[in-house]
file upload.cif (mmCIF, C-alpha atoms and all ligand atoms)
data_final
loop_
_atom_site.label_atom_id
_atom_site.label_comp_id
_atom_site.auth_asym_id
_atom_site.auth_seq_id
_atom_site.Cartn_x
_atom_site.Cartn_y
_atom_site.Cartn_z
CA MET A 1 0.00 0.00 0.00
CA ARG A 2 1.22 3.51 -0.76
CA ARG A 3 2.31 5.51 2.23
CA SER A 4 0.02 8.33 3.28
CA ASN A 5 0.72 11.97 2.61
CA VAL A 6 1.32 14.21 5.61
CA PHE A 7 -1.97 15.17 7.34
CA ALA A 8 -3.55 11.86 6.24
CA GLY A 9 -3.17 8.43 7.82
CA SER A 10 -4.81 8.78 11.22
CA SER A 11 -5.80 5.54 12.91
CA LEU A 12 -8.36 7.37 15.07
CA ASP A 13 -11.77 5.66 15.11
CA ARG A 14 -14.10 8.55 14.25
CA ALA A 15 -16.96 6.69 15.94
CA ALA A 16 -19.59 8.46 13.88
CA HIS A 17 -22.31 6.16 15.26
CA LEU A 18 -21.75 7.59 18.76
CA ARG A 19 -21.98 11.28 17.89
CA ARG A 20 -25.72 11.37 18.54
CA ASP A 21 -25.62 9.18 21.65
CA ALA A 22 -26.18 11.90 24.26
CA GLU A 23 -25.77 9.52 27.19
CA TRP A 24 -22.44 8.20 25.93
CA ILE A 25 -21.17 11.69 25.14
CA ALA A 26 -22.16 12.97 28.59
CA ALA A 27 -20.31 10.07 30.22
CA ARG A 28 -17.19 10.74 28.15
CA LEU A 29 -17.32 14.44 28.94
CA SER A 30 -17.28 13.66 32.66
CA ASP A 31 -14.61 10.95 32.36
CA PRO A 32 -11.35 12.41 33.71
CA GLY A 33 -9.43 10.14 31.34
CA SER A 34 -11.00 11.57 28.18
CA ARG A 35 -8.54 13.53 26.09
CA VAL A 36 -8.77 17.02 24.71
CA VAL A 37 -6.80 18.50 21.84
CA PRO A 38 -6.51 22.26 22.37
CA PHE A 39 -6.87 24.76 19.56
CA TRP A 40 -6.79 28.53 19.68
CA ARG A 41 -7.55 30.89 16.80
CA GLY A 42 -6.06 28.74 14.04
CA ARG A 43 -3.17 27.50 16.12
CA CYS A 44 -2.53 24.17 17.81
CA LEU A 45 -0.50 23.45 20.93
CA VAL A 46 2.81 21.62 20.60
CA ARG A 47 5.85 21.06 22.76
CA TRP A 48 9.30 20.53 21.38
CA GLU A 49 11.56 17.50 21.73
CA GLY A 50 14.68 18.65 19.95
CA GLU A 51 13.59 19.35 16.39
CA ARG A 52 10.46 17.25 16.67
CA ALA A 53 7.12 18.79 17.57
CA VAL A 54 4.73 16.79 19.76
CA ALA A 55 1.02 17.55 19.80
CA VAL A 56 -0.13 18.37 23.31
CA GLN A 57 -3.14 16.30 24.31
CA LEU A 58 -4.50 16.73 27.79
CA ALA A 59 -6.60 14.51 30.01
CA LEU A 60 -9.75 16.24 31.22
CA SER A 61 -8.39 15.78 34.74
CA GLU A 62 -5.36 17.88 33.82
CA ILE A 63 -7.40 20.89 32.82
CA GLY A 64 -9.53 20.72 35.96
CA GLY A 65 -12.57 19.24 34.24
CA LEU A 66 -14.70 20.42 31.43
CA GLU A 67 -15.94 23.62 33.07
CA GLU A 68 -12.40 24.89 33.35
CA GLY A 69 -11.56 24.22 29.74
CA LEU A 70 -14.66 25.12 27.81
CA ALA A 71 -16.65 28.26 27.31
CA SER A 72 -19.73 26.05 27.03
CA PRO A 73 -20.40 22.33 26.55
CA GLU A 74 -21.25 23.14 22.95
CA ALA A 75 -17.60 23.96 22.36
CA ALA A 76 -16.75 20.26 22.76
CA VAL A 77 -16.33 18.52 19.43
CA LEU A 78 -15.95 14.74 19.43
CA LEU A 79 -13.04 13.62 17.27
CA GLY A 80 -13.32 9.92 17.98
CA LEU A 81 -11.69 7.11 19.92
CA ALA A 82 -8.03 6.24 20.31
CA GLU A 83 -6.81 3.60 22.73
CA ASP A 84 -10.34 3.42 24.16
CA ARG A 85 -10.25 7.08 25.11
CA ALA A 86 -12.67 9.61 23.71
CA HIS A 87 -10.85 12.54 22.13
CA PHE A 88 -12.42 15.98 21.92
CA ALA A 89 -11.28 19.12 20.15
CA LEU A 90 -11.12 22.00 22.58
CA ASP A 91 -11.69 25.35 20.91
CA LEU A 92 -10.46 28.15 23.15
CA SER A 93 -10.70 30.82 20.48
CA ALA A 94 -13.32 32.80 22.40
CA PHE A 95 -10.70 33.70 25.02
CA GLU A 96 -7.79 36.07 24.88
CA GLU A 97 -4.46 34.23 24.77
CA ASP A 98 -3.62 34.62 28.47
CA GLU A 99 -7.00 33.30 29.48
CA ALA A 100 -6.80 30.40 27.04
CA ARG A 101 -3.43 29.42 28.49
CA ARG A 102 -4.71 29.69 32.05
CA ARG A 103 -7.51 27.32 31.21
CA LEU A 104 -5.09 24.86 29.71
CA GLY A 105 -3.29 24.72 33.04
CA ARG A 106 0.25 23.83 33.78
CA LEU A 107 0.94 21.69 30.69
CA GLY A 108 -0.60 24.23 28.39
CA THR A 109 1.64 27.02 29.46
CA SER A 110 4.72 24.95 28.64
CA GLY A 111 3.59 24.42 25.05
CA GLU A 112 3.71 26.71 22.07
CA LEU A 113 0.71 27.73 19.99
CA VAL A 114 1.79 27.28 16.38
CA ASP A 115 0.33 27.25 12.88
CA LEU A 116 -0.01 23.61 11.83
CA LYS A 117 1.38 24.41 8.39
CA SER A 118 4.70 25.37 9.95
CA VAL A 119 5.13 22.08 11.84
CA GLY A 120 3.58 19.51 9.48
CA SER A 121 6.87 17.87 8.61
CA VAL A 122 8.23 17.72 12.17
CA LEU A 123 5.20 16.07 13.79
CA ALA A 124 4.64 12.32 13.94
CA GLY A 125 2.27 11.31 11.11
CA GLU A 126 -0.56 10.35 13.45
CA GLU A 127 -0.38 13.67 15.24
CA ALA A 128 -0.22 15.72 12.06
CA ALA A 129 -3.36 13.93 10.86
CA LEU A 130 -5.17 14.49 14.15
CA LEU A 131 -4.35 18.20 14.18
CA ALA A 132 -5.40 18.57 10.55
CA TYR A 133 -8.77 17.08 11.48
CA VAL A 134 -9.11 19.46 14.44
CA ARG A 135 -8.10 22.49 12.42
CA GLY A 136 -10.46 21.71 9.55
CA LEU A 137 -13.44 21.00 11.76
CA LEU A 138 -13.00 24.01 14.04
CA HIS A 139 -12.44 26.36 11.12
CA TRP A 140 -15.74 25.20 9.71
CA HIS A 141 -17.50 25.92 13.04
CA ALA A 142 -15.93 29.37 13.19
CA ARG A 143 -17.19 30.29 9.71
CA HIS A 144 -20.68 28.79 9.86
CA GLY A 145 -22.32 30.46 12.81
CA PHE A 146 -25.13 31.67 10.56
CA CYS A 147 -27.34 29.82 8.13
CA GLY A 148 -26.55 30.21 4.44
CA VAL A 149 -30.24 29.72 3.64
CA CYS A 150 -32.03 32.18 5.96
CA GLY A 151 -29.28 33.98 7.88
CA ALA A 152 -30.39 32.89 11.37
CA PRO A 153 -27.80 31.65 13.92
CA THR A 154 -26.83 27.97 13.81
CA VAL A 155 -26.05 25.70 16.77
CA SER A 156 -23.70 22.74 17.00
CA ARG A 157 -25.31 19.28 16.96
CA ASP A 158 -24.15 15.67 16.83
CA SER A 159 -21.06 16.39 18.94
CA GLY A 160 -19.90 19.09 16.61
CA HIS A 161 -20.44 17.38 13.25
CA VAL A 162 -23.57 19.23 12.20
CA ARG A 163 -24.71 22.85 12.61
CA ARG A 164 -28.48 23.26 12.70
CA CYS A 165 -30.20 26.49 11.86
CA THR A 166 -32.33 27.96 14.67
CA GLY A 167 -34.54 29.65 12.06
CA CYS A 168 -35.36 27.34 9.18
CA GLY A 169 -33.99 24.13 10.71
CA ALA A 170 -31.57 23.39 7.86
CA ASP A 171 -28.67 21.12 8.76
CA HIS A 172 -25.21 22.20 7.60
CA PHE A 173 -22.34 19.73 7.38
CA PRO A 174 -18.57 20.31 7.47
CA ARG A 175 -17.21 21.54 4.15
CA THR A 176 -14.17 20.29 2.30
CA ASP A 177 -13.24 22.07 -0.91
CA ALA A 178 -11.75 19.83 -3.60
CA ALA A 179 -8.61 21.05 -5.31
CA VAL A 180 -6.61 19.26 -8.00
CA ILE A 181 -2.82 19.41 -8.03
CA MET A 182 -0.89 17.93 -10.90
CA LEU A 183 2.56 17.09 -12.12
CA VAL A 184 2.57 17.58 -15.88
CA THR A 185 5.39 15.85 -17.71
CA ASP A 186 6.80 15.92 -21.21
CA GLY A 187 9.11 12.95 -21.42
CA ASP A 188 12.05 13.63 -19.17
CA ARG A 189 10.96 17.09 -18.05
CA CYS A 190 8.17 18.43 -15.87
CA LEU A 191 6.20 21.65 -15.71
CA LEU A 192 6.51 23.76 -12.55
CA GLY A 193 5.35 27.27 -11.83
CA ARG A 194 5.59 29.93 -9.19
CA GLN A 195 3.27 32.55 -7.76
CA SER A 196 4.73 35.94 -6.98
CA ALA A 197 3.71 35.69 -3.32
CA TRP A 198 5.78 32.53 -2.74
CA PRO A 199 9.21 32.60 -1.12
CA GLU A 200 11.98 33.51 -3.52
CA GLY A 201 13.00 30.72 -5.88
CA VAL A 202 10.21 28.28 -4.99
CA TYR A 203 8.59 26.48 -7.92
CA SER A 204 5.83 23.91 -7.52
CA THR A 205 3.26 21.85 -9.34
CA LEU A 206 0.20 23.60 -10.78
CA ALA A 207 -3.03 23.42 -8.80
CA GLY A 208 -6.53 24.82 -8.62
CA PHE A 209 -10.04 24.34 -7.28
CA LEU A 210 -12.62 22.07 -8.79
CA GLU A 211 -15.58 23.96 -10.20
CA PRO A 212 -19.24 22.87 -10.03
CA GLY A 213 -20.23 20.43 -12.73
CA GLU A 214 -16.67 19.41 -13.49
CA SER A 215 -14.89 16.06 -13.23
CA LEU A 216 -11.49 15.89 -11.59
CA GLU A 217 -9.84 15.10 -14.92
CA GLU A 218 -11.54 18.08 -16.53
CA ALA A 219 -10.36 20.33 -13.71
CA VAL A 220 -6.79 19.14 -14.20
CA ALA A 221 -6.92 19.94 -17.91
CA ARG A 222 -8.61 23.32 -17.40
CA GLU A 223 -6.22 24.50 -14.70
CA VAL A 224 -3.11 23.57 -16.68
CA TRP A 225 -4.55 25.37 -19.71
CA GLU A 226 -5.54 28.47 -17.74
CA GLU A 227 -2.32 28.77 -15.82
CA ALA A 228 0.27 27.69 -18.38
CA GLY A 229 -1.42 27.38 -21.79
CA ILE A 230 -0.50 23.70 -22.01
CA GLN A 231 -2.88 21.02 -23.26
CA ILE A 232 -2.68 17.70 -21.44
CA ALA A 233 -3.87 14.11 -21.75
CA ASP A 234 -3.93 11.01 -19.56
CA ALA A 235 -4.69 12.70 -16.22
CA ALA A 236 -4.19 9.90 -13.69
CA TYR A 237 -4.89 9.91 -9.97
CA HIS A 238 -1.87 9.62 -7.69
CA SER A 239 -2.86 10.25 -4.05
CA SER A 240 -4.64 12.79 -1.87
CA GLN A 241 -3.82 15.04 1.04
CA PRO A 242 -6.08 16.74 3.57
CA TRP A 243 -5.10 20.41 3.43
CA PRO A 244 -6.96 22.29 6.16
CA PHE A 245 -5.57 25.72 5.20
CA PRO A 246 -8.34 26.39 5.54
CA ALA A 247 -10.65 23.69 4.12
CA SER A 248 -9.26 21.73 1.18
CA ILE A 249 -8.54 18.22 0.05
CA MET A 250 -5.70 18.16 -2.46
CA LEU A 251 -6.26 15.51 -5.14
CA GLY A 252 -2.95 14.68 -6.73
CA PHE A 253 -2.68 13.77 -10.42
CA THR A 254 -0.08 13.16 -13.07
CA ALA A 255 -0.71 14.22 -16.65
CA ARG A 256 1.08 14.13 -19.99
CA ALA A 257 1.60 17.31 -21.97
CA VAL A 258 0.45 17.25 -25.60
CA THR A 259 1.61 20.82 -26.28
CA THR A 260 4.71 22.43 -24.79
CA ALA A 261 4.65 26.18 -25.48
CA ILE A 262 3.97 27.98 -22.19
CA ARG A 263 1.57 30.92 -22.05
CA LEU A 264 0.52 32.33 -18.69
CA HIS A 265 -3.13 32.81 -19.56
CA ASP A 266 -4.82 33.80 -16.32
CA GLY A 267 -1.98 35.63 -14.58
CA GLU A 268 -2.12 33.37 -11.53
CA LEU A 269 1.49 32.36 -12.05
CA ALA A 270 4.39 34.77 -12.22
CA ASP A 271 6.40 32.17 -14.11
CA ALA A 272 6.17 28.59 -15.38
CA ARG A 273 8.95 26.55 -16.93
CA TRP A 274 9.95 23.07 -17.98
CA PHE A 275 12.63 21.51 -15.78
CA GLY A 276 14.66 18.45 -16.72
CA ARG A 277 14.85 15.47 -14.42
CA ALA A 278 18.63 15.71 -14.14
CA GLU A 279 18.38 19.43 -13.42
CA LEU A 280 16.13 18.83 -10.41
CA ALA A 281 17.62 15.62 -9.11
CA ASP A 282 20.64 17.08 -7.35
CA ARG A 283 19.69 19.28 -4.44
CA ALA A 284 23.07 21.03 -4.45
CA THR A 285 22.82 22.25 -8.03
CA ARG A 286 19.05 22.50 -8.40
CA PRO A 287 18.21 25.92 -9.92
CA ILE A 288 15.03 26.32 -7.88
CA LYS A 289 13.65 25.52 -4.44
CA LEU A 290 11.01 22.82 -4.16
CA PRO A 291 7.81 23.29 -2.11
CA SER A 292 7.51 22.26 1.57
CA ARG A 293 8.54 18.71 2.26
CA HIS A 294 5.17 17.87 3.79
CA SER A 295 3.18 18.99 0.72
CA ILE A 296 1.73 16.63 -1.85
CA ALA A 297 3.41 18.85 -4.46
CA TYR A 298 6.80 17.85 -3.06
CA ARG A 299 5.72 14.19 -3.00
CA LEU A 300 4.64 14.29 -6.67
CA ILE A 301 7.95 15.83 -7.74
CA LYS A 302 10.05 13.48 -5.63
CA ASP A 303 8.18 10.38 -6.78
CA TRP A 304 8.69 11.45 -10.38
CA LEU A 305 12.40 12.12 -9.82
CA ALA A 306 12.68 8.66 -8.26
CA GLY A 307 11.04 7.10 -11.33
CA GLU A 308 8.06 5.91 -9.29
CA ILE A 309 5.50 7.71 -11.46
ZN ZN A 401 -31.80 28.80 8.20
#

call {"tool": "encode", "arguments": {"input": "upload.cif", "output": "structure tokens"}}
result
Amino acid sequence: MRRSNVFAGSSLDRAAHLRRDAEWIAARLSDPGSRVVPFWRGRCLVRWEGERAVAVQLALSEIGGLEEGLASPEAAVLLGLAEDRAHFALDLSAFEEDEARRRLGRLGTSGELVDLKSVGSVLAGEEAALLAYVRGLLHWHARHGFCGVCGAPTVSRDSGHVRRCTGCGADHFPRTDAAVIMLVTDGDRCLLGRQSAWPEGVYSTLAGFLEPGESLEEAVAREVWEEAGIQIADAAYHSSQPWPFPASIMLGFTARAVTTAIRLHDGELADARWFGRAELADRATRPIKLPSRHSIAYRLIKDWLAGEI
């Protein structure tokens, strides 16, 4: 089996069948051994062991019980079960930072609140996946406090996996926006581009969001045409990566170029070029910087350089 991309590969049992079991949830929320995963305004809590980051997970007993850690019981979001322990996301975003840290107690104050994107490659795979889940779910809660149908406030239901409108009663479910990301090749060279906002020298695979009424393969072809003026064929699925920055799933593809003249049609890229395999293979002499090591873009490029795709 292929290895997972970073932010995928959690072995957590999401226990979806228990989300609506109020009695079971209440028991878990009063169990001092239940675990909470803190989150504050887009940042997660880690401690450092050398160069490795470790996700801080706290037992309810360590934060002095639920009342100490939560603004309201509604703020508890069930993530699932690991090692027979219920795990909850703990969103402290309603508090100022000092107050959030006080509520996290002694262990919390020794950790660092960081952006997950900055630590993805230095977390254990399981922990990166867990924090991606937390980040994605809590971002959705933060942005869906009002109904998109009638505008009335929504409330959390099913242990944080549904928001129900208090006006029209519509149920809203967590959103994940599909994006395609593709390595386009022409024999022994591949197409990479850069956006002007990226760090100097970084080139990466092309990518873009799926549009309504479009297949994944069609999105791959459209994006490559819009961004680089290249026509492609044989779009083939490679792997996927949860990308909760803020709410995407990256669907990785390879594709074969059938034209090679680059034209930056839509202005999204500042530059796009063909790079030879030999040119990219040696890190010391590589003319560009590759994207973050934990990104699926990096994985696509590295797998191609290794002859695996
Ligand atoms: Zn409504």

call {"tool": "residues_near_ligand", "arguments": {"input": "upload.cif", "ligand": "ligand ZN 401 (chain A)", "cutoff": "7 Å", "atoms": "all atoms listed in the file", "output": "list in words"}}
result
Cys147, Gly148, Val149, Cys150, Gly151, Ala152, Cys165, Thr166, Gly167, Cys168, Gly169 and Ala170 of chain A

call {"tool": "closest_atom_pairs", "arguments": {"input": "upload.cif", "of": "segment 170-261 of chain A", "to": "segment 295-303 of chain A", "cutoff": "10 Å", "atoms": "only C-alpha atoms", "output": "CSV"}}
result
residue,atom,partner,partner_atom,distance
A:Ile181,CA,A:Ala297,CA,7.2
A:Met182,CA,A:Ala297,CA,7.8
A:Leu183,CA,A:Leu300,CA,6.5
A:Val184,CA,A:Ile301,CA,9.9
A:Cys190,CA,A:Ile301,CA,8.5
A:Leu192,CA,A:Ile301,CA,9.4
A:Tyr203,CA,A:Ala297,CA,9.8
A:Ser204,CA,A:Ala297,CA,6.4
A:Thr205,CA,A:Ala297,CA,5.7
A:Leu206,CA,A:Ala297,CA,8.5
A:Ala207,CA,A:Ala297,CA,9.0
A:His238,CA,A:Leu300,CA,8.1
A:Ser239,CA,A:Ile296,CA,8.2
A:Ser240,CA,A:Ile296,CA,7.4
A:Gln241,CA,A:Ile296,CA,6.5
A:Pro242,CA,A:Ile296,CA,9.5
A:Trp243,CA,A:Ser295,CA,8.8
A:Met250,CA,A:Ile296,CA,7.6
A:Leu251,CA,A:Ile296,CA,8.7
A:Gly252,CA,A:Ile296,CA,7.0
A:Phe253,CA,A:Leu300,CA,8.2
A:Thr254,CA,A:Leu300,CA,8.0

call {"tool": "closest_residue", "arguments": {"input": "upload.cif", "among": "A:Ser248, A:Ser61, A:Gln231, A:Gln195", "to": "Pro291 of chain A", "atoms": "all atoms listed in the file"}}
result
A:Gln195

call {"tool": "closest_atom_pairs", "arguments": {"input": "upload.cif", "of": "segment 213-235 of chain A", "to": "segment 257-262 of chain A", "cutoff": "12 Å", "atoms": "only C-alpha atoms", "output": "Markdown table"}}
result
| residue | atom | partner | partner_atom | distance |
| --- | --- | --- | --- | --- |
| A:Val220 | CA | A:Ala257 | CA | 11.6 |
| A:Ala221 | CA | A:Ala257 | CA | 9.8 |
| A:Val224 | CA | A:Ala257 | CA | 9.5 |
| A:Trp225 | CA | A:Ile262 | CA | 9.2 |
| A:Glu226 | CA | A:Ile262 | CA | 10.5 |
| A:Glu227 | CA | A:Ile262 | CA | 9.0 |
| A:Ala228 | CA | A:Ile262 | CA | 5.3 |
| A:Gly229 | CA | A:Ile262 | CA | 5.4 |
| A:Ile230 | CA | A:Thr259 | CA | 5.6 |
| A:Gln231 | CA | A:Thr259 | CA | 5.4 |
| A:Ile232 | CA | A:Ala257 | CA | 4.3 |
| A:Ala233 | CA | A:Ala257 | CA | 6.3 |
| A:Asp234 | CA | A:Ala257 | CA | 8.7 |
| A:Ala235 | CA | A:Ala257 | CA | 9.7 |

call {"tool": "residues_around", "arguments": {"input": "upload.cif", "residues": "Leu79 of chain A", "least_positions_apart": "4", "cutoff": "10 Å", "atoms": "all atoms listed in the file", "output": "NGL selection string"}}
result
:A and (12-16 or 19 or 35-37 or 86-89 or 130 or 133-134 or 137 or 159-161)

call {"tool": "write_last_selection", "arguments": {"input": "upload.cif", "atoms": "C-alpha atoms", "output": "CSV table (one decimal), in the coordinates of the input"}}
result
chain,number,residue,atom,x,y,z
A,12,LEU,CA,-8.4,7.4,15.1
A,13,ASP,CA,-11.8,5.7,15.1
A,14,ARG,CA,-14.1,8.6,14.2
A,15,ALA,CA,-17.0,6.7,15.9
A,16,ALA,CA,-19.6,8.5,13.9
A,19,ARG,CA,-22.0,11.3,17.9
A,35,ARG,CA,-8.5,13.5,26.1
A,36,VAL,CA,-8.8,17.0,24.7
A,37,VAL,CA,-6.8,18.5,21.8
A,86,ALA,CA,-12.7,9.6,23.7
A,87,HIS,CA,-10.8,12.5,22.1
A,88,PHE,CA,-12.4,16.0,21.9
A,89,ALA,CA,-11.3,19.1,20.2
A,130,LEU,CA,-5.2,14.5,14.2
A,133,TYR,CA,-8.8,17.1,11.5
A,134,VAL,CA,-9.1,19.5,14.4
A,137,LEU,CA,-13.4,21.0,11.8
A,159,SER,CA,-21.1,16.4,18.9
A,160,GLY,CA,-19.9,19.1,16.6
A,161,HIS,CA,-20.4,17.4,13.2

call {"tool": "residues_around", "arguments": {"input": "upload.cif", "residues": "Gly145 of chain A", "least_positions_apart": "5", "cutoff": "9 Å", "atoms": "only C-alpha atoms", "output": "list in words"}}
result
Trp140, Ala152, Pro153, Thr154, Val155, Ser156, Arg163 and Cys165 of chain A

call {"tool": "closest_atom_pairs", "arguments": {"input": "upload.cif", "of": "segment 198-268 of chain A", "to": "segment 38-54 of chain A", "cutoff": "12 Å", "atoms": "only C-alpha atoms", "output": "tab-separated table"}}
result
residue	atom	partner	partner_atom	distance
A:Pro244	CA	A:Gly42	CA	10.2
A:Phe245	CA	A:Gly42	CA	9.4
A:Pro246	CA	A:Gly42	CA	9.1

call {"tool": "closest_residue", "arguments": {"input": "upload.cif", "among": "A:Val202, A:Tyr237, A:Phe173, A:Gly120", "to": "Asp158 of chain A", "atoms": "only C-alpha atoms"}}
result
A:Phe173

call {"tool": "residues_around", "arguments": {"input": "upload.cif", "residues": "Ala178 of chain A", "least_positions_apart": "2", "cutoff": "7 Å", "atoms": "all atoms listed in the file", "output": "list in words"}}
result
Thr176, Val180, Phe209, Leu210, Ser248, Ile249 and Met250 of chain A

call {"tool": "write_last_selection", "arguments": {"input": "upload.cif", "atoms": "C-alpha atoms", "output": "PDB file, in the frame of the given file"}}
result
ATOM      1  CA  THR A 176     -14.170  20.290   2.300  1.00  0.00           C
ATOM      2  CA  VAL A 180      -6.610  19.260  -8.000  1.00  0.00           C
ATOM      3  CA  PHE A 209     -10.040  24.340  -7.280  1.00  0.00           C
ATOM      4  CA  LEU A 210     -12.620  22.070  -8.790  1.00  0.00           C
ATOM      5  CA  SER A 248      -9.260  21.730   1.180  1.00  0.00           C
ATOM      6  CA  ILE A 249      -8.540  18.220   0.050  1.00  0.00           C
ATOM      7  CA  MET A 250      -5.700  18.160  -2.460  1.00  0.00           C
TER       8      MET A 250
END

call {"tool": "atom_distance", "arguments": {"input": "upload.cif", "atom1": "atom CA of Leu264 of chain A", "atom2": "atom CA of Ala197 of chain A"}}
result
16.1 Å

call {"tool": "closest_residue", "arguments": {"input": "upload.cif", "among": "A:Gly136, A:Ser121, A:Ala8, A:Gly193", "to": "Arg263 of chain A", "atoms": "all atoms listed in the file"}}
result
A:Gly193

call {"tool": "closest_residue", "arguments": {"input": "upload.cif", "among": "A:Leu123, A:Ala272, A:Ala128, A:Ala142", "to": "Asp91 of chain A", "atoms": "all atoms listed in the file"}}
result
A:Ala142
